[in-house]
Structure formats: structure tokens, C-alpha cells
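Structure data follow from structure_9.txt (compact mmCIF, C-alpha atoms):
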```txt
# COMPACT_ATOMS: atom_id res chain seq x y z
CA MET A 10 5.91 136.28 41.16
CA THR A 11 9.56 136.01 42.07
CA ARG A 12 10.59 132.83 43.92
CA THR A 13 13.41 132.96 46.51
CA ARG A 14 15.77 129.92 46.61
CA PRO A 15 17.13 128.76 50.02
CA PHE A 16 20.82 129.61 50.83
CA GLY A 17 21.88 125.90 50.94
CA ALA A 18 20.67 125.39 47.39
CA TRP A 19 22.87 128.26 46.14
CA ILE A 20 26.09 127.22 47.94
CA ARG A 21 26.00 123.48 47.17
CA PRO A 22 27.34 123.73 43.54
CA PHE A 23 30.28 125.90 44.66
CA ALA A 24 31.29 123.38 47.41
CA VAL A 25 31.41 120.55 44.88
CA LEU A 26 33.68 122.58 42.57
CA ALA A 27 36.03 123.45 45.44
CA ALA A 28 36.35 119.80 46.42
CA LEU A 29 37.24 118.81 42.86
CA ALA A 30 39.87 121.54 42.63
CA GLY A 31 41.56 120.33 45.87
CA THR A 32 41.73 116.81 44.51
CA PHE A 33 43.56 117.99 41.38
CA VAL A 34 46.07 120.01 43.45
CA LEU A 35 46.94 117.07 45.75
CA ALA A 36 47.37 114.77 42.77
CA GLY A 37 49.86 117.20 41.25
CA CYS A 38 51.92 117.21 44.51
CA GLY A 39 52.18 113.45 44.71
CA GLY A 40 49.19 113.06 47.02
CA GLY A 41 51.07 114.62 50.01
CA SER A 42 52.02 111.13 51.11
CA GLY A 43 55.88 111.25 50.95
CA ALA A 44 56.05 109.01 47.87
CA PRO A 45 59.41 107.21 47.15
CA ASN A 46 59.99 109.45 44.14
CA ASN A 47 60.46 112.42 46.51
CA PRO A 48 63.74 114.02 45.40
CA TYR A 49 64.37 115.54 48.89
CA ALA A 50 64.58 112.22 50.93
CA PRO A 51 67.99 111.87 52.97
CA GLY A 52 70.58 109.34 51.75
CA PRO A 53 72.77 106.89 53.81
CA THR A 54 75.26 108.34 56.44
CA VAL A 55 78.91 108.40 55.34
CA PRO A 56 81.36 107.63 58.25
CA ALA A 57 83.94 110.25 59.11
CA PRO A 58 87.54 109.56 58.05
CA LEU A 59 89.54 107.42 60.50
CA SER A 60 92.08 109.46 62.50
CA ILE A 61 94.48 108.77 65.42
CA LEU A 62 95.78 111.14 68.07
CA PRO A 63 98.62 111.67 68.50
CA PRO A 64 99.68 110.85 64.92
CA SER A 65 103.12 109.82 66.28
CA ALA A 66 104.44 109.13 69.78
CA THR A 67 107.53 108.44 71.88
CA VAL A 68 107.10 105.94 74.73
CA TYR A 69 109.32 104.41 77.42
CA PRO A 70 109.49 100.82 78.70
CA GLY A 71 107.24 100.28 81.71
CA THR A 72 105.39 103.59 81.27
CA PRO A 73 101.86 103.31 79.77
CA ALA A 74 100.76 105.61 76.93
CA THR A 75 97.53 105.75 74.89
CA LEU A 76 96.41 106.37 71.33
CA THR A 77 92.91 107.82 70.84
CA ILE A 78 90.85 106.81 67.79
CA ALA A 79 88.26 109.09 66.12
CA GLY A 80 85.98 108.57 63.12
CA GLY A 81 85.69 105.38 61.10
CA THR A 82 83.36 102.54 62.01
CA THR A 83 83.59 100.67 65.30
CA PRO A 84 84.78 98.21 66.46
CA TYR A 85 88.48 98.85 65.83
CA ARG A 86 91.49 96.52 65.61
CA ALA A 87 95.16 97.29 66.25
CA TYR A 88 98.33 95.66 64.90
CA SER A 89 102.01 96.18 65.86
CA SER A 90 104.91 95.80 63.45
CA ASN A 91 107.16 94.82 66.40
CA PRO A 92 105.10 92.97 69.03
CA ALA A 93 108.27 91.81 70.86
CA VAL A 94 109.07 95.40 71.88
CA LEU A 95 105.66 97.05 71.54
CA PRO A 96 102.77 94.58 71.91
CA VAL A 97 99.14 95.75 71.61
CA ALA A 98 95.75 94.08 72.07
CA THR A 99 94.26 93.22 68.65
CA ASN A 100 90.66 93.91 69.67
CA VAL A 101 90.38 97.52 70.80
CA PRO A 102 87.92 98.15 73.68
CA GLY A 103 86.27 101.52 73.03
CA ASN A 104 88.40 104.05 71.20
CA GLN A 105 91.76 103.90 73.03
CA VAL A 106 94.83 101.72 72.42
CA VAL A 107 97.12 101.24 75.44
CA LEU A 108 100.85 101.12 74.67
CA LEU A 109 103.16 99.42 77.21
CA ALA A 110 106.60 98.84 75.72
CA ASN A 111 109.06 96.14 76.81
CA ALA A 112 112.68 96.87 77.79
CA THR A 113 115.11 97.77 75.02
CA GLU A 114 118.75 98.90 75.01
CA ALA A 115 118.38 101.29 72.04
CA ASP A 116 115.70 103.34 70.28
CA VAL A 117 113.24 101.10 68.41
CA THR A 118 110.68 102.38 65.89
CA ALA A 119 107.45 100.46 65.46
CA ALA A 120 104.28 101.08 63.45
CA ILE A 121 100.89 100.66 65.13
CA THR A 122 98.18 100.22 62.48
CA ILE A 123 94.58 100.97 63.45
CA GLN A 124 91.86 99.44 61.28
CA ASP A 125 88.12 100.06 61.51
CA SER A 126 85.25 97.74 60.54
CA GLY A 127 84.72 99.58 57.26
CA GLY A 128 88.20 98.78 55.94
CA GLN A 129 89.88 102.12 56.69
CA SER A 130 93.35 101.90 58.28
CA VAL A 131 95.79 104.49 59.64
CA PRO A 132 99.43 103.83 60.72
CA VAL A 133 101.00 105.57 63.73
CA THR A 134 104.78 105.74 64.16
CA VAL A 135 105.89 105.00 67.73
CA VAL A 136 109.47 105.34 68.98
CA VAL A 137 110.39 103.23 72.03
CA ARG A 138 113.21 104.99 73.88
CA PRO A 139 115.14 103.17 76.64
CA ALA A 140 116.19 106.05 78.90
CA PRO A 141 115.48 107.45 81.32
CA LEU A 142 113.66 104.63 83.06
CA PHE A 143 111.69 105.81 86.08
CA THR A 144 111.67 103.02 88.66
CA GLY A 145 108.51 104.23 90.38
CA LEU A 146 107.35 107.21 92.37
CA THR A 147 107.43 106.57 96.13
CA VAL A 148 105.63 108.58 98.81
CA LEU A 149 106.87 108.24 102.40
CA ALA A 150 105.37 109.91 105.47
CA SER A 151 107.61 111.66 107.97
CA GLY A 152 106.05 109.55 110.75
CA PRO A 153 104.33 106.15 110.96
CA GLU A 154 101.15 107.32 112.71
CA CYS A 155 98.97 106.99 109.60
CA GLY A 156 100.93 104.20 107.87
CA SER A 157 104.24 104.42 106.03
CA ALA A 158 102.60 105.06 102.63
CA ASN A 159 99.91 107.41 103.98
CA LEU A 160 100.05 111.05 105.02
CA CYS A 161 98.22 112.34 108.09
CA SER A 162 96.33 115.59 107.59
CA GLY A 163 98.56 118.53 108.51
CA SER A 164 101.75 116.42 108.30
CA THR A 165 104.70 116.22 105.92
CA GLY A 166 106.39 113.57 103.83
CA THR A 167 108.55 113.07 100.75
CA ALA A 168 107.93 112.02 97.16
CA SER A 169 110.87 110.58 95.22
CA VAL A 170 111.60 108.96 91.88
CA ALA A 171 114.76 107.35 90.48
CA ALA A 172 115.89 107.93 86.90
CA LYS A 173 118.12 105.20 85.49
CA GLY A 174 119.59 104.72 82.05
CA VAL A 175 120.91 101.71 80.14
CA ALA A 176 121.99 98.82 82.39
CA GLY A 177 120.55 100.65 85.40
CA ALA A 178 123.12 103.47 85.46
CA PRO A 179 121.85 106.42 87.54
CA LEU A 180 121.03 109.58 85.58
CA ALA A 181 122.38 112.48 87.62
CA GLY A 182 121.59 116.11 86.89
CA ARG A 183 118.23 115.44 85.17
CA GLN A 184 115.50 118.02 85.62
CA VAL A 185 112.35 116.39 87.00
CA LYS A 186 109.10 118.31 87.49
CA PHE A 187 106.69 117.27 90.24
CA ASP A 188 103.01 118.21 89.96
CA VAL A 189 100.06 117.85 92.32
CA VAL A 190 97.49 115.88 90.31
CA TYR A 191 94.73 115.90 92.94
CA GLY A 192 94.29 115.83 96.70
CA PRO A 193 94.57 118.40 99.53
CA PHE A 194 98.38 118.69 99.64
CA ALA A 195 101.13 120.87 98.20
CA ILE A 196 104.82 120.63 97.36
CA GLN A 197 107.29 122.33 99.72
CA THR A 198 109.64 124.91 98.20
CA ALA A 199 112.70 126.81 99.42
CA SER A 200 111.03 130.19 98.82
CA PRO A 201 109.95 132.04 102.01
CA ALA A 202 107.47 134.05 99.93
CA ALA A 203 105.78 130.92 98.52
CA PRO A 204 106.67 127.95 100.75
CA LEU A 205 104.05 125.70 99.13
CA ALA A 206 103.37 125.18 95.42
CA GLN A 207 101.39 122.96 93.06
CA THR A 208 104.44 122.29 90.87
CA LEU A 209 108.21 122.25 91.45
CA THR A 210 111.21 121.28 89.30
CA VAL A 211 114.25 119.66 90.97
CA VAL A 212 117.45 117.97 89.77
CA THR A 213 118.37 114.34 90.32
CA ASP A 214 121.29 113.67 92.67
CA ALA A 215 124.34 111.47 92.05
CA SER A 216 122.18 108.37 92.58
CA GLY A 217 119.67 109.52 89.96
CA VAL A 218 117.02 110.27 92.60
CA ALA A 219 114.79 113.37 92.49
CA ARG A 220 113.01 114.17 95.75
CA VAL A 221 110.55 116.81 97.00
CA GLY A 222 108.86 117.45 100.32
CA ILE A 223 105.06 117.42 100.46
CA GLN A 224 102.62 118.74 103.07
CA SER A 225 98.94 117.90 103.49
CA ALA A 226 96.24 120.38 104.50
CA ALA A 227 95.58 120.56 108.24
CA ASP A 228 91.82 120.08 107.90
CA ALA A 229 91.92 117.40 105.16
CA THR A 230 89.48 114.53 105.37
CA THR A 231 90.52 110.98 104.57
CA GLN A 232 90.84 110.73 100.77
CA PRO A 233 93.13 109.54 97.96
CA ALA A 234 95.82 111.79 96.51
CA GLN A 235 98.10 111.65 93.49
CA ILE A 236 101.42 113.23 92.49
CA ARG A 237 103.17 113.10 89.10
CA ALA A 238 106.86 113.32 88.13
CA THR A 239 107.94 114.31 84.60
CA ASP A 240 111.45 114.06 83.10
CA LEU A 241 111.75 117.40 81.28
CA THR A 242 114.37 116.09 78.82
CA THR A 243 112.16 113.39 77.33
CA GLY A 244 108.67 114.04 78.67
CA GLN A 245 108.45 110.64 80.36
CA GLN A 246 106.00 110.62 83.30
CA VAL A 247 105.24 108.45 86.30
CA THR A 248 102.41 108.84 88.82
CA GLY A 249 102.34 107.97 92.52
CA ASN A 250 99.20 107.27 94.56
CA PHE A 251 98.84 107.63 98.32
CA THR A 252 96.17 108.35 100.94
CA ILE A 253 95.73 111.38 103.19
CA VAL A 254 94.26 110.25 106.52
CA SER A 255 92.33 112.64 108.73
CA SER A 256 94.17 113.21 112.01
CA SER A 257 90.89 113.99 113.76
CA THR A 258 89.87 110.33 113.56
CA THR A 259 93.33 108.88 114.12
CA SER A 260 95.10 108.18 117.40
CA ALA A 261 98.78 107.35 117.47
CA ILE A 262 100.05 103.91 118.49
CA THR A 263 102.06 103.88 121.72
CA VAL A 264 104.28 101.01 122.88
CA ILE A 265 105.61 100.69 126.44
CA PRO A 266 108.52 100.26 126.79
CA ALA A 267 109.66 101.93 123.60
CA LYS A 268 113.13 100.42 124.17
CA ALA A 269 114.42 97.60 126.37
CA THR A 270 118.10 96.87 126.96
CA ILE A 271 119.42 93.56 128.32
CA THR A 272 123.10 93.01 129.12
CA GLY A 273 124.70 89.58 129.31
CA ALA A 274 126.83 88.43 132.24
CA TYR A 275 130.13 88.01 130.42
CA LYS A 276 132.07 89.32 127.45
CA ASN A 277 130.98 88.03 124.03
CA GLU A 278 127.89 86.47 125.59
CA CYS A 279 124.29 87.78 125.39
CA SER A 280 121.30 86.74 127.47
CA ALA A 281 119.19 83.68 126.71
CA GLY A 282 115.75 82.95 128.16
CA PHE A 283 115.09 86.54 129.29
CA GLN A 284 111.51 87.74 128.61
CA VAL A 285 110.50 91.34 127.86
CA ASP A 286 106.81 92.34 127.77
CA TYR A 287 105.65 95.20 125.50
CA TYR A 288 102.20 96.83 125.96
CA ILE A 289 100.39 98.53 123.03
CA TYR A 290 97.88 101.41 123.29
CA GLY A 291 95.93 103.58 120.80
CA GLY A 292 95.57 103.20 117.06
CA ASN A 293 93.03 100.79 115.63
CA PRO A 294 93.41 97.27 117.07
CA PRO A 295 94.09 94.48 116.41
CA TYR A 296 97.84 94.96 116.04
CA ARG A 297 100.33 92.82 114.11
CA VAL A 298 103.91 92.53 115.39
CA SER A 299 106.99 91.52 113.41
CA SER A 300 110.73 91.95 113.96
CA THR A 301 113.78 92.79 111.87
CA PHE A 302 115.69 89.73 113.20
CA PRO A 303 113.09 86.95 113.64
CA ALA A 304 115.73 84.34 114.56
CA ALA A 305 117.14 86.45 117.42
CA VAL A 306 114.10 86.12 119.72
CA SER A 307 111.05 83.98 120.28
CA LEU A 308 107.98 86.18 119.76
CA LEU A 309 104.88 85.44 121.85
CA ASN A 310 101.43 86.88 120.98
CA PRO A 311 102.42 88.41 117.60
CA THR A 312 98.77 89.41 117.10
CA VAL A 313 97.48 91.65 119.91
CA PRO A 314 93.67 91.88 119.78
CA ALA A 315 92.98 94.99 121.89
CA SER A 316 94.49 98.23 123.14
CA GLY A 317 96.36 97.57 126.39
CA GLY A 318 97.33 94.06 125.29
CA ARG A 319 100.90 92.86 125.19
CA PHE A 320 103.36 90.82 123.19
CA SER A 321 106.52 89.24 124.60
CA ALA A 322 110.03 88.63 123.31
CA ILE A 323 112.27 85.89 124.78
CA THR A 324 115.98 86.12 124.05
CA ASN A 325 117.88 83.08 122.78
CA GLY A 326 121.49 84.17 123.21
CA ALA A 327 121.79 86.11 119.92
CA CYS A 328 123.28 89.59 120.31
CA VAL A 329 121.26 92.41 118.66
CA ASP A 330 121.98 96.15 118.78
CA PRO A 331 119.15 96.85 118.24
CA LEU A 332 116.35 94.57 117.11
CA THR A 333 113.32 96.55 115.87
CA PHE A 334 109.75 95.43 116.42
CA ILE A 335 107.29 96.81 113.83
CA ILE A 336 103.75 97.23 115.17
CA ALA A 337 100.99 97.84 112.59
CA ASP A 338 97.32 98.41 113.41
CA ALA A 339 94.21 97.53 111.39
CA ALA A 340 94.27 100.95 109.63
CA GLY A 341 97.83 100.47 108.39
CA LYS A 342 99.42 102.86 110.91
CA GLN A 343 102.79 101.76 112.24
CA THR A 344 105.16 102.39 115.09
CA THR A 345 108.28 100.66 116.39
CA ALA A 346 109.83 99.39 119.60
CA LEU A 347 113.44 98.36 120.22
CA LEU A 348 115.23 95.51 121.99
CA GLU A 349 118.97 95.58 122.70
CA ASN A 350 120.55 92.29 123.76
CA LEU A 351 124.15 93.28 124.53
CA PRO A 352 127.20 91.31 125.71
CA GLY A 353 128.54 91.83 129.22
CA GLU A 354 131.80 93.47 130.28
CA ASP A 355 133.27 90.84 132.62
CA ASP A 356 135.42 87.88 131.72
CA ARG A 357 133.80 84.53 132.31
CA PRO A 358 135.52 82.91 135.31
CA VAL A 359 137.64 79.88 134.56
CA VAL A 360 136.36 76.86 136.46
CA PRO A 361 139.11 74.27 136.90
CA VAL A 362 138.22 70.90 135.47
CA ALA A 363 138.99 67.85 137.59
CA ASP A 364 141.52 65.44 136.19
CA LEU A 365 140.15 62.56 134.19
CA SER A 366 140.34 59.17 135.89
CA VAL A 367 138.91 55.67 135.53
CA GLN A 368 138.25 53.34 138.43
CA PRO A 369 139.51 50.77 138.79
CA SER A 370 142.59 51.64 136.83
CA THR A 371 143.87 48.05 136.81
CA VAL A 372 142.03 44.73 136.91
CA THR A 373 144.00 41.50 137.34
CA THR A 374 142.44 38.07 137.11
CA THR A 375 143.41 34.49 136.34
CA GLY A 376 142.40 33.67 132.83
CA CYS A 377 139.49 35.20 130.88
CA THR A 378 136.73 33.57 128.88
CA ASN A 379 134.39 34.94 126.21
CA SER A 380 131.86 35.68 128.97
CA SER A 381 134.21 37.60 131.26
CA LYS A 382 132.95 41.17 131.84
CA PHE A 383 134.60 43.99 133.85
CA GLN A 384 132.91 47.30 134.91
CA PHE A 385 134.60 50.72 135.20
CA VAL A 386 133.57 54.22 136.37
CA VAL A 387 134.81 57.41 134.64
CA VAL A 388 135.01 60.73 136.54
CA GLY A 389 136.47 64.21 135.99
CA GLY A 390 137.39 65.79 132.70
CA THR A 391 134.60 67.00 130.40
CA ALA A 392 131.75 64.72 129.36
CA PRO A 393 130.91 62.95 127.12
CA TYR A 394 133.71 60.39 126.97
CA GLY A 395 134.85 58.08 124.22
CA VAL A 396 136.17 54.59 125.12
CA SER A 397 138.33 52.32 122.99
CA THR A 398 140.61 49.28 123.57
CA THR A 399 143.82 47.83 122.14
CA ASN A 400 142.22 44.41 121.90
CA PRO A 401 140.26 43.80 118.65
CA ALA A 402 138.29 41.01 120.33
CA ALA A 403 136.98 43.32 123.08
CA THR A 404 133.57 45.07 123.22
CA VAL A 405 132.62 48.22 125.19
CA GLU A 406 129.13 49.23 126.35
CA PRO A 407 127.74 51.92 126.38
CA GLN A 408 129.60 54.03 123.87
CA PRO A 409 130.03 56.95 124.54
CA VAL A 410 129.70 57.54 128.29
CA ARG A 411 127.41 60.57 128.67
CA SER A 412 128.34 62.02 132.08
CA SER A 413 130.93 62.13 134.80
CA GLY A 414 130.33 59.24 137.21
CA GLY A 415 128.97 57.14 134.37
CA THR A 416 129.88 53.47 134.03
CA PHE A 417 130.92 51.25 131.17
CA SER A 418 131.76 47.58 130.88
CA VAL A 419 134.44 45.75 128.88
CA GLU A 420 134.32 42.13 127.69
CA PRO A 421 137.91 41.58 126.49
CA TYR A 422 137.34 38.29 124.64
CA LYS A 423 133.60 38.26 123.82
CA SER A 424 134.10 37.70 120.10
CA LEU A 425 136.32 34.62 120.59
CA GLY A 426 135.17 31.03 121.01
CA ALA A 427 135.07 28.94 124.19
CA GLY A 428 138.26 28.55 126.15
CA THR A 429 140.51 30.45 128.52
CA GLN A 430 142.41 33.45 127.17
CA VAL A 431 145.44 35.19 128.65
CA GLY A 432 146.90 38.59 127.93
CA SER A 433 146.47 42.31 128.64
CA THR A 434 143.81 44.70 127.26
CA THR A 435 144.45 48.46 127.49
CA ILE A 436 141.35 50.68 127.78
CA VAL A 437 141.74 54.30 126.47
CA VAL A 438 139.24 56.95 127.69
CA LEU A 439 139.16 60.42 126.02
CA ASP A 440 137.06 63.39 127.23
CA SER A 441 135.57 66.34 125.25
CA SER A 442 137.80 69.16 126.49
CA LEU A 443 140.26 71.12 124.34
CA PRO A 444 142.94 69.94 124.52
CA GLN A 445 141.59 66.47 125.21
CA LYS A 446 142.40 64.62 128.39
CA SER A 447 143.00 60.86 128.36
CA PHE A 448 143.28 58.04 130.84
CA ASN A 449 144.33 54.41 130.38
CA ALA A 450 143.08 51.44 132.38
CA VAL A 451 144.32 47.83 132.06
CA ILE A 452 142.74 44.36 132.27
CA ASN A 453 145.33 41.64 132.92
CA CYS A 454 144.22 38.06 132.25
CA ASN A 455 147.12 36.10 133.76
CA PRO A 456 147.84 32.40 133.23
```

Turn the structure described in the file into C-alpha cells.
Amino acid sequence: MTRTRPFGAWIRPFAVLAALAGTFVLAGCGGGSGAPNNPYAPGPTVPAPLSILPPSATVYPGTPATLTIAGGTTPYRAYSSNPAVLPVATNVPGNQVVLLANATEADVTAAITIQDSGGQSVPVTVVVRPAPLFTGLTVLASGPECGSANLCSGSTGTASVAAKGVAGAPLAGRQVKFDVVYGPFAIQTASPAAPLAQTLTVVTDASGVARVGIQSAADATTQPAQIRATDLTTGQQVTGNFTIVSSSTTSAITVIPAKATITGAYKNECSAGFQVDYYIYGGNPPYRVSSTFPAAVSLLNPTVPASGGRFSAITNGACVDPLTFIIADAAGKQTTALLENLPGEDDRPVVPVADLSVQPSTVTTTGCTNSSKFQFVVVGGTAPYGVSTTNPAATVEPQPVRSSGGTFSVEPYKSLGAGTQVGSTTIVVLDSSLPQKSFNAVINCNP
């Protein structure tokens, strides 16, 4: 009789053989565990070669420039072959080296060496060129409503830069290109077909100044703006920053009166002690007030806390034609007011001065001692008065006499010892007029 074996009994020997075969395969492949003798494992990373951009540069005193480092191993260090003209920071923050050259009267060549932490180094040749020297890009608004260095939206202004050579000589006839860097404004041109542009090239005038008009967008919000000037001969650049202020949130400053005129009574004489009140409205209070001739007036309330407040100016006799008050609000907007303190047109009347006299003019007595004292009154002439005597032994009090009608006393022999003295003492009184007036009085001490 045929016996039938169960399926599990048949398959079990084949499963054991398959398991043994898998073990042999894995052993031949290194166990599949990424053993250290794996020939395909990655090696260490090799740093990229150190490089500098630009590989050479021309810079100008006072104008920053940068070198950009790539590759190598951070951190980097920088060294200058001429630190007196071209200093650099030894420890480089990030991957940029800032170059800011000092003044020089001729071209100077320096080497900037960049070294990484792995020992690589690359030299960069830098030429420091003295001219032209831009003295700064200035932006001025056409009106003070938004501040002298700000531009109201929809308004105009100017941007200017001065180009100077060795010893400050102006560089006339240089081509300078102005570019809008950012901000809602444009450069004004002379072309009717394109009155506004993003870039414009002009020529410096006899003073070395290049100037362009600028205009902000009418609907601009308050935001920073920037314009750049480039000397096309050398490539030197300078950048100017300013602010465009939204006119929709700005009210102009108004001063009443805008101008006050005071006229003195006589020729060559201006008023003193006259007070003028100025009232300020609008803008953003508080307001600060200053003047172009601070010594010409006394300024009261130079800080005005609120719209509708006032400041006052009191004249002190100084002639000004005119004096300008500068009123600035908390937002930096400015306006001005004027004060004219002018001399009069009439001649000052001549007031006759009474003749100088001393009373009594003569004193006569019998003998004088060291305690004898005589009193006099001085009138007329021009005070104060000086009093002297021809007698060295005499004393005078007070000295000087301050006013007409004032008194003084003379002791002709006060400095001598006891006893009776005889003789005459002449008293000389001089006033302060030009020419001086004089009067003589006499004390006679008779035997």
C-alpha cells in the first residue's frame, strides 16, 4: 500500500538548503553591513581654491570699496603692504574686505594679501588714486516744508556733488553720471519728450560742481531714497541718502508775521528794547527757533510747544537787514521769518550842554589845619567828573563825581601833621565831553 507524506515534510529539506545558500551569498558580499574595506566609501572634502574679486582694483581716498573672497577655508585674514595709505582690518568678518584709503597726493600701489585658515593666500593689487575727490553728494529740497534734506512727495529739489583734485583745486568739465538707486523719484532732463529719467550725465561747472534737478512722485509715501553720482573718467562713485515725505500727512509751517521791519529814530541808530511777537501754526509741534545773528536780539520762548504759540524777539540796538529766524518742527520741516532793524533817516538833534561850573569857586579862610574840610558842588558839562588838586597834601572824596549836582569835599592839608598851614590849593574839575570842559576852584588859607 502506498503511503502519502504530508506537504510540510516534503518542503522542509528545501527550505533548509535555501537558507544555507543565502548565508553563503551574504558572506561573499561582506555581510551587507558597509564594512570599512568597502572600496566605494567617500573620502574627505577638498576646499575650493582661494580667489578674490576683483583681482585688482582702483580706489579713491574717502570712498569705500570692497573685495569679495570665495573658496578657501574660513575664517580669513587680510594684510596691507601700505597700511598708512590703505589700512585694512586683519580679521575679516564674513567674506568681504572693506577698503577705505587715506588721502594721498599721487598714485600709490599697495598689495592686499588675503589668507585663509588652510594656509592659502592670494594677493590683490590696489591702486590708490588721489583725484577726483568727491566731497559728498548733497540733496536739497526746493522748499523747507518737509525739511531741508527731505523731499515732499510731488515736489522738486537738487542733487549736487563737488569734484576736487590735488590741494582742493576744482575739476571743471568732468562728466558725472547721476543714477536713481531706489525710491519714487526721477532726474529732471532738458528733453521735452522725456522730461524725467532714471539716469543723466552732466558736466561740472567752473567750481567743480555737478548738479541735477530731481522730482518725487506725487503719490509717494514716506520712505528713504538714494541717488548715486559717478565720475565717468575714473569710475569713482559717491551715494547720497535722503527721505521722501508724504505730502498727504504733512502740513506746512506758517509764521505770522513773516517779516517785521523796525526803523530807528535817527541816522546810524537802530532800535533797542522793541519787542516783536511771532506766532507759529501748522507742521508738527513743538517748534525750535534759532536766528542767524543771535547777538542782535534777545530771543524769548525759543521752544514753542504748540501750534498757535509764539516766540518774541527784543532788539538791542544792533542793526540787521535782515535777521532770519529759522523755525523747525518735530518732523524736521523748516520755515523762516525775518526781522529788519534799520537806522532812521533824521539827524539826532544837538542838545546844548550847560557850561561846567563848581560852587563855590573860591573859598578863603584864615589858616588851615590837617582837619580842615571844604565842600563843593559840580554842575553842567557831561558827567562823570574827575577832580584833582595842585596840592600834593590834599585829598578829594568821592572820586569821580558821578552826576551833575553831585558834591565832593577837599581836605587841603590832611596828610600833614598838626599845626596851621597857609597857602592856596587849586582844584581842577574835568567832565566827560569831547572836547573836555574844565573848571578851576581855589581854596585860600591866608595867614

Report task. In the coordinate frame of the file, compute which residues have an atom within 7 Å of (137.0, 57.1, 135.0) when using only C-alpha atoms, and state them as a list in words. Result ->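 Residues close enough to count: Leu365, Ser366, Val367, Gln368, Phe385, Val386, Val387 and Val388 of chain A.
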
Query raised in the report: Which residues, written as a list in words, have at least one atom at most 6 Å from range 270-279 of chain A, with all atoms listed in the file counted and residues fewer than 3 positions away on the same chain left out?
Result: Gly326, Cys328, Leu348, Glu349, Asn350, Leu351, Pro352, Gly353, Glu354, Asp355, Asp356 and Arg357 of chain A

Just write the chosen residues, C-alpha atoms, as a PDB file, keeping the file's coordinate frame.
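New file again-v1.pdb:
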```pdb
ATOM      1  CA  GLY A 326     121.490  84.170 123.210  1.00  0.00           C
ATOM      2  CA  CYS A 328     123.280  89.590 120.310  1.00  0.00           C
ATOM      3  CA  LEU A 348     115.230  95.510 121.990  1.00  0.00           C
ATOM      4  CA  GLU A 349     118.970  95.580 122.700  1.00  0.00           C
ATOM      5  CA  ASN A 350     120.550  92.290 123.760  1.00  0.00           C
ATOM      6  CA  LEU A 351     124.150  93.280 124.530  1.00  0.00           C
ATOM      7  CA  PRO A 352     127.200  91.310 125.710  1.00  0.00           C
ATOM      8  CA  GLY A 353     128.540  91.830 129.220  1.00  0.00           C
ATOM      9  CA  GLU A 354     131.800  93.470 130.280  1.00  0.00           C
ATOM     10  CA  ASP A 355     133.270  90.840 132.620  1.00  0.00           C
ATOM     11  CA  ASP A 356     135.420  87.880 131.720  1.00  0.00           C
ATOM     12  CA  ARG A 357     133.800  84.530 132.310  1.00  0.00           C
TER      13      ARG A 357
END
```

Requested in this report: Check the smallest atom-to-atom distance from each of A:Ile61, A:Ile123, A:Ala363, A:Ala178 to Thr391 in chain A using only C-alpha atoms, then report the winner.
Outcome: A:Ala363

Report task. Taking the point (113.3, 85.9, 121.8) as given in the file, collect each protein or nucleic acid residue that comes within 7 Å of it, counting all atoms listed in the file, and present the set as a list in words. Result -> Ala305, Val306, Ser307, Leu308, Ala322, Ile323, Thr324 and Asn325 of chain A

Mind writing the picked residues with C-alpha atoms as a short mmCIF file (atom, residue, chain, number, x, y, z; two decimals), in the frame of the given file?
```
data_model
loop_
_atom_site.label_atom_id
_atom_site.label_comp_id
_atom_site.auth_asym_id
_atom_site.auth_seq_id
_atom_site.Cartn_x
_atom_site.Cartn_y
_atom_site.Cartn_z
CA ALA A 305 117.14 86.45 117.42
CA VAL A 306 114.10 86.12 119.72
CA SER A 307 111.05 83.98 120.28
CA LEU A 308 107.98 86.18 119.76
CA ALA A 322 110.03 88.63 123.31
CA ILE A 323 112.27 85.89 124.78
CA THR A 324 115.98 86.12 124.05
CA ASN A 325 117.88 83.08 122.78
#
```

Query - Shortest interatomic distance to Pro456 in chain A - which of A:Gly376, A:Ser418, A:Thr434, A:Phe302, counting only C-alpha atoms - result: A:Gly376

Query raised in the report: Counting only C-alpha atoms, what is within 8 Å of range 73-90 of chain A, bar same-chain residues fewer than 5 positions away, as a count of residues only?
Result: 35

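Between CA of Ala238 in chain A and CA of Ser169 in chain A lies a distance of 8.6 Å.
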
Query raised in the report: Leaving out range 396-413 of chain A and any residue of its chain fewer than 5 positions from it, which residues lie within 10 Å of it when counting all atoms listed in the file, given as an MDAnalysis selection string?
Result: chainID A and resid 365:366 379 382:384 386:391 418:425 432:440 447:451

Requested in this report: Excluding Lys186 in chain A and any residue of its chain fewer than 6 positions from it, enumerate the residues within 10 Å of it, using all atoms listed in the file, and give them as a count of residues only.
Outcome: 14

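If only C-alpha atoms are the atoms counted, then among A:Leu149, A:Val135, A:Ala215, A:Leu332 the closest residue to Ser65 in chain A is A:Val135.
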
Can you report as lines of an AutoDock Vina configuration file the centre and edge lengths in Å, to one decimal, of an axis-aligned box around the listed atoms of range 377-382 of chain A padded with 3 Å on each side?
```
center_x = 135.7
center_y = 37.4
center_z = 129.0
size_x = 13.6
size_y = 13.6
size_z = 11.6
```

Query raised in the report: If you count all atoms listed in the file, which residues fall within 12 Å of Arg319 in chain A, apart from same-chain ones fewer than 6 positions away, as a PyMOL selection string?
Result: chain A and resi 263-266+285-290+294-298+308-313+336

Report task. Rounded to one decimal place, report the CA of Thr72 in chain A-CA of Val247 in chain A distance in Å. Result -> 7.0 Å

Query raised in the report: Expressed in Å to a single decimal, how great is the separation between CA of Phe283 in chain A and CA of Phe320 in chain A?
Result: 13.9 Å

Report task. Go through A:Gln207, A:Thr165, A:Asn293, A:Ser370 one by one, measure the shortest atom-to-atom distance of each to Ala195 in chain A using all atoms listed in the file, and give the residue with the smallest value. Result ->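 Comparing A:Gln207, A:Thr165, A:Asn293, A:Ser370 against Ala195 in chain A, the winner is A:Gln207.
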
Query raised in the report: Which is closest to Gly415 in chain A among A:Thr371, A:Gly395, A:Ser381, A:Gln284, if we use all atoms listed in the file?
Result: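 Using all atoms listed in the file, Gly415 in chain A sits closest to A:Gly395.
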
**Report entry** Distance criterion (all atoms listed in the file): nearest to Pro132 in chain A out of A:Ala66, A:Ala346, A:Cys377, A:Ile262
**Finding:**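 Once distances to Pro132 in chain A are computed over all atoms listed in the file, the minimum belongs to A:Ala66.
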